[in-house]
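Novice: See upload38.cif below, with mmCIF, C-alpha atoms; chains and numbers go by the auth columns.
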data_data
loop_
_atom_site.group_PDB
_atom_site.id
_atom_site.type_symbol
_atom_site.label_atom_id
_atom_site.label_comp_id
_atom_site.label_asym_id
_atom_site.label_seq_id
_atom_site.Cartn_x
_atom_site.Cartn_y
_atom_site.Cartn_z
_atom_site.B_iso_or_equiv
_atom_site.auth_seq_id
_atom_site.auth_asym_id
ATOM 1 C CA MET A 1 98.862 54.063 -62.337 0.00 101 A
ATOM 2 C CA ARG A 2 97.743 53.817 -65.946 0.00 102 A
ATOM 3 C CA ALA A 3 98.230 56.535 -68.512 0.00 103 A
ATOM 4 C CA CYS A 4 95.303 58.735 -69.400 0.00 104 A
ATOM 5 C CA THR A 5 94.465 59.032 -73.087 0.00 105 A
ATOM 6 C CA LEU A 6 93.012 62.432 -73.809 0.00 106 A
ATOM 7 C CA GLY A 7 89.236 62.362 -73.763 0.00 107 A
ATOM 8 C CA GLN A 8 88.976 58.605 -73.216 0.00 108 A
ATOM 9 C CA VAL A 9 89.863 57.781 -69.625 0.00 109 A
ATOM 10 C CA SER A 10 88.624 59.492 -66.506 0.00 110 A
ATOM 11 C CA GLU A 11 91.332 59.180 -63.886 0.00 111 A
ATOM 12 C CA ALA A 12 90.806 60.199 -60.273 0.00 112 A
ATOM 13 C CA LEU A 13 93.053 63.017 -59.161 0.00 113 A
ATOM 14 C CA PRO A 14 95.713 62.111 -56.602 0.00 114 A
ATOM 15 C CA THR A 15 95.094 63.194 -53.044 0.00 115 A
ATOM 16 C CA PHE A 16 97.262 65.641 -51.140 0.00 116 A
ATOM 17 C CA ARG A 17 97.073 65.539 -47.359 0.00 117 A
ATOM 18 C CA TYR A 18 97.082 69.303 -46.867 0.00 118 A
ATOM 19 C CA HIS A 19 95.373 70.305 -50.105 0.00 119 A
ATOM 20 C CA PRO A 20 92.111 68.371 -50.534 0.00 120 A
ATOM 21 C CA SER A 21 90.379 70.583 -53.149 0.00 121 A
ATOM 22 C CA LEU A 22 92.823 71.009 -56.027 0.00 122 A
ATOM 23 C CA ILE A 23 90.324 72.149 -58.661 0.00 123 A
ATOM 24 C CA ARG A 24 88.297 74.388 -56.354 0.00 124 A
ATOM 25 C CA THR A 25 91.378 76.298 -55.152 0.00 125 A
ATOM 26 C CA GLY A 26 92.710 76.691 -58.682 0.00 126 A
ATOM 27 C CA SER A 27 95.901 74.687 -58.152 0.00 127 A
ATOM 28 C CA VAL A 28 94.839 72.208 -60.828 0.00 128 A
ATOM 29 C CA ALA A 29 92.953 73.005 -64.032 0.00 129 A
ATOM 30 C CA GLN A 30 91.036 70.555 -66.160 0.00 130 A
ATOM 31 C CA ARG A 31 92.756 70.906 -69.518 0.00 131 A
ATOM 32 C CA PRO A 32 94.662 68.534 -71.764 0.00 132 A
ATOM 33 C CA ILE A 33 98.455 68.524 -71.514 0.00 133 A
ATOM 34 C CA ARG A 34 101.428 66.324 -72.215 0.00 134 A
ATOM 35 C CA CYS A 35 103.262 66.271 -68.897 0.00 135 A
ATOM 36 C CA VAL A 36 106.924 67.313 -69.161 0.00 136 A
ATOM 37 C CA VAL A 37 107.839 64.851 -66.401 0.00 137 A
ATOM 38 C CA CYS A 38 106.110 61.572 -67.321 0.00 138 A
ATOM 39 C CA ASN A 39 105.497 62.441 -70.988 0.00 139 A
ATOM 40 C CA GLU A 40 101.915 61.161 -70.681 0.00 140 A
ATOM 41 C CA ASP A 41 98.822 62.825 -72.080 0.00 141 A
ATOM 42 C CA ARG A 42 96.745 64.008 -69.128 0.00 142 A
ATOM 43 C CA ARG A 43 93.403 65.733 -68.616 0.00 143 A
ATOM 44 C CA HIS A 44 94.580 67.885 -65.688 0.00 144 A
ATOM 45 C CA ALA A 45 97.450 70.341 -65.305 0.00 145 A
ATOM 46 C CA CYS A 46 98.981 71.874 -62.204 0.00 146 A
ATOM 47 C CA VAL A 47 98.756 75.631 -62.377 0.00 147 A
ATOM 48 C CA GLY A 48 99.760 76.388 -58.800 0.00 148 A
ATOM 49 C CA PRO A 49 103.167 77.762 -57.862 0.00 149 A
ATOM 50 C CA ALA A 50 106.384 75.869 -58.540 0.00 150 A
ATOM 51 C CA TYR A 51 109.693 76.921 -56.998 0.00 151 A
ATOM 52 C CA SER A 52 112.808 76.064 -59.002 0.00 152 A
ATOM 53 C CA VAL A 53 116.015 77.627 -60.286 0.00 153 A
ATOM 54 C CA GLU A 54 114.895 76.835 -63.841 0.00 154 A
ATOM 55 C CA GLU A 55 111.566 78.218 -64.998 0.00 155 A
ATOM 56 C CA ILE A 56 108.768 75.651 -65.178 0.00 156 A
ATOM 57 C CA GLU A 57 106.050 76.528 -67.660 0.00 157 A
ATOM 58 C CA GLU A 58 102.698 76.864 -65.888 0.00 158 A
ATOM 59 C CA GLY A 59 100.410 73.965 -66.661 0.00 159 A
ATOM 60 C CA SER A 60 103.158 71.686 -67.979 0.00 160 A
ATOM 61 C CA VAL A 61 103.194 69.222 -65.058 0.00 161 A
ATOM 62 C CA CYS A 62 100.447 66.770 -64.127 0.00 162 A
ATOM 63 C CA PRO A 63 99.288 66.376 -60.518 0.00 163 A
ATOM 64 C CA TRP A 64 100.271 62.686 -60.477 0.00 164 A
ATOM 65 C CA CYS A 65 103.958 63.582 -60.966 0.00 165 A
ATOM 66 C CA ILE A 66 103.762 66.085 -58.127 0.00 166 A
ATOM 67 C CA ALA A 67 102.002 63.552 -55.881 0.00 167 A
ATOM 68 C CA ASP A 68 104.566 60.786 -56.417 0.00 168 A
ATOM 69 C CA GLY A 69 107.564 63.121 -56.137 0.00 169 A
ATOM 70 C CA SER A 70 108.859 62.539 -59.658 0.00 170 A
ATOM 71 C CA ALA A 71 108.278 66.198 -60.666 0.00 171 A
ATOM 72 C CA ALA A 72 110.282 67.466 -57.689 0.00 172 A
ATOM 73 C CA MET A 73 113.103 65.069 -58.491 0.00 173 A
ATOM 74 C CA LYS A 74 113.269 65.553 -62.251 0.00 174 A
ATOM 75 C CA LEU A 75 112.797 69.343 -62.198 0.00 175 A
ATOM 76 C CA SER A 76 114.656 70.059 -58.927 0.00 176 A
ATOM 77 C CA ALA A 77 111.535 71.890 -57.819 0.00 177 A
ATOM 78 C CA GLU A 78 109.287 72.371 -54.836 0.00 178 A
ATOM 79 C CA PHE A 79 105.535 72.663 -55.168 0.00 179 A
ATOM 80 C CA ALA A 80 104.779 73.970 -51.696 0.00 180 A
ATOM 81 C CA ASP A 81 105.861 77.228 -50.158 0.00 181 A
ATOM 82 C CA GLY A 82 107.926 76.067 -47.194 0.00 182 A
ATOM 83 C CA HIS A 83 108.936 79.659 -46.479 0.00 183 A
ATOM 84 C CA SER A 84 105.405 80.478 -45.304 0.00 184 A
ATOM 85 C CA LEU A 85 105.691 77.717 -42.683 0.00 185 A
ATOM 86 C CA ARG A 86 108.708 79.236 -40.934 0.00 186 A
ATOM 87 C CA ASP A 87 106.689 80.758 -38.066 0.00 187 A
ATOM 88 C CA LEU A 88 104.872 77.510 -37.219 0.00 188 A
ATOM 89 C CA SER A 89 105.952 75.161 -34.485 0.00 189 A
ATOM 90 C CA LYS A 90 108.311 72.435 -35.750 0.00 190 A
ATOM 91 C CA ASN A 91 106.024 69.611 -34.577 0.00 191 A
ATOM 92 C CA ILE A 92 103.126 71.068 -36.636 0.00 192 A
ATOM 93 C CA VAL A 93 105.206 71.335 -39.816 0.00 193 A
ATOM 94 C CA GLU A 94 106.589 67.797 -39.515 0.00 194 A
ATOM 95 C CA THR A 95 103.206 66.170 -38.807 0.00 195 A
#
What's the structure tokens form of this structure?
Specialist:
Amino acid sequence: MRACTLGQVSEALPTFRYHPSLIRTGSVAQRPIRCVVCNEDRRHACVGPAYSVEEIEEGSVCPWCIADGSAAMKLSAEFADGHSLRDLSKNIVET
């Protein structure tokens, strides 16, 4: 995946199997950032919840780093609320 130079490259947002409308739901905002994970200039920032021992500044992570797992690894964070899935059948959660 190539880096996005602010204002010059339009890069398609990554896809998330269970979250198809990132902008519409407000999980991603279109605003310029320098991602704290990949250190790339990006045109979109994740503003949805992040769960970590250390505080993660809202809007400091790009959706590409969440999609490829590098944000979870580098920040020891989760970007989905697994707790809310506890009442679902195990075969639904693992699908």
Novice: If the PyMOL selection byres ((chain A and resi 129) around 6) were run on this exact file, what residues would it hold? Put them as a list of chain:residue names.
Specialist: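 Evaluating the PyMOL selection byres ((chain A and resi 129) around 6) on these coordinates yields A:Val128, A:Gln130, A:Arg131, A:His144, A:Ala145.
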Novice: Could you tell me which of A:Tyr151, A:Asp168, A:Ile156, A:Phe179 comes closest to Val136 in chain A if we count only C-alpha atoms?
Specialist: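 Nearest to Val136 in chain A: A:Ile156.
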Novice: Using only C-alpha atoms, which of A:Ala167, A:Ala112, A:Cys162, A:Ala180 sits nearest Val137 in chain A?
Specialist: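 Selected residue with least distance to Val137 in chain A: A:Cys162.
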Novice: Excluding same-chain residues fewer than 2 positions from Cys146 in chain A, what lies within 6 Å of it counting only C-alpha atoms, as a PDB file with C-alpha atoms, keeping the file's coordinate frame?
Specialist:
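Output below, filename out_3.pdb:
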ATOM      1  CA  SER A 127      95.901  74.687 -58.152  1.00  0.00           C
ATOM      2  CA  VAL A 128      94.839  72.208 -60.828  1.00  0.00           C
ATOM      3  CA  GLY A 148      99.760  76.388 -58.800  1.00  0.00           C
ATOM      4  CA  GLY A 159     100.410  73.965 -66.661  1.00  0.00           C
ATOM      5  CA  VAL A 161     103.194  69.222 -65.058  1.00  0.00           C
ATOM      6  CA  CYS A 162     100.447  66.770 -64.127  1.00  0.00           C
ATOM      7  CA  PRO A 163      99.288  66.376 -60.518  1.00  0.00           C
TER       8      PRO A 163
END
Novice: One decimal, in Å: what's the spacing between CA of Ser176 in chain A and CA of Pro120 in chain A?
Specialist: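 Interatomic distance here is 24.1 Å.
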Novice: Please, what distance in Å, to one decimal, runs between CA of Thr115 in chain A and CA of Val153 in chain A?
Specialist: 26.4 Å
Novice: Name every residue that the PyMOL selection byres ((chain A and resi 139) around 12) selects in this structure, writing the answer as a PyMOL selection string with chains first and numbers rising.
Specialist: chain A and resi 103-105+133-138+140-142+160-162+164-165+170-171
Novice: For CA of Ile166 in chain A and CA of Leu113 in chain A, quote the distance in Å rounded to one decimal.
Specialist: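 Taking CA of Ile166 in chain A and CA of Leu113 in chain A, their separation equals 11.2 Å.
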Novice: Between A:Glu111, A:Glu157, A:Ser152, A:Ser121, which is the closest to Met173 in chain A once you count only C-alpha atoms?
Specialist: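 Closest to Met173 in chain A of all the choices is A:Ser152.
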Novice: For a quick check of understanding, using all atoms listed in the file, which of A:Pro132, A:Arg124, A:Glu154, A:Pro114 has the smallest distance to Glu178 in chain A?
Specialist: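 Among the listed residues, A:Glu154 lies closest to Glu178 in chain A.
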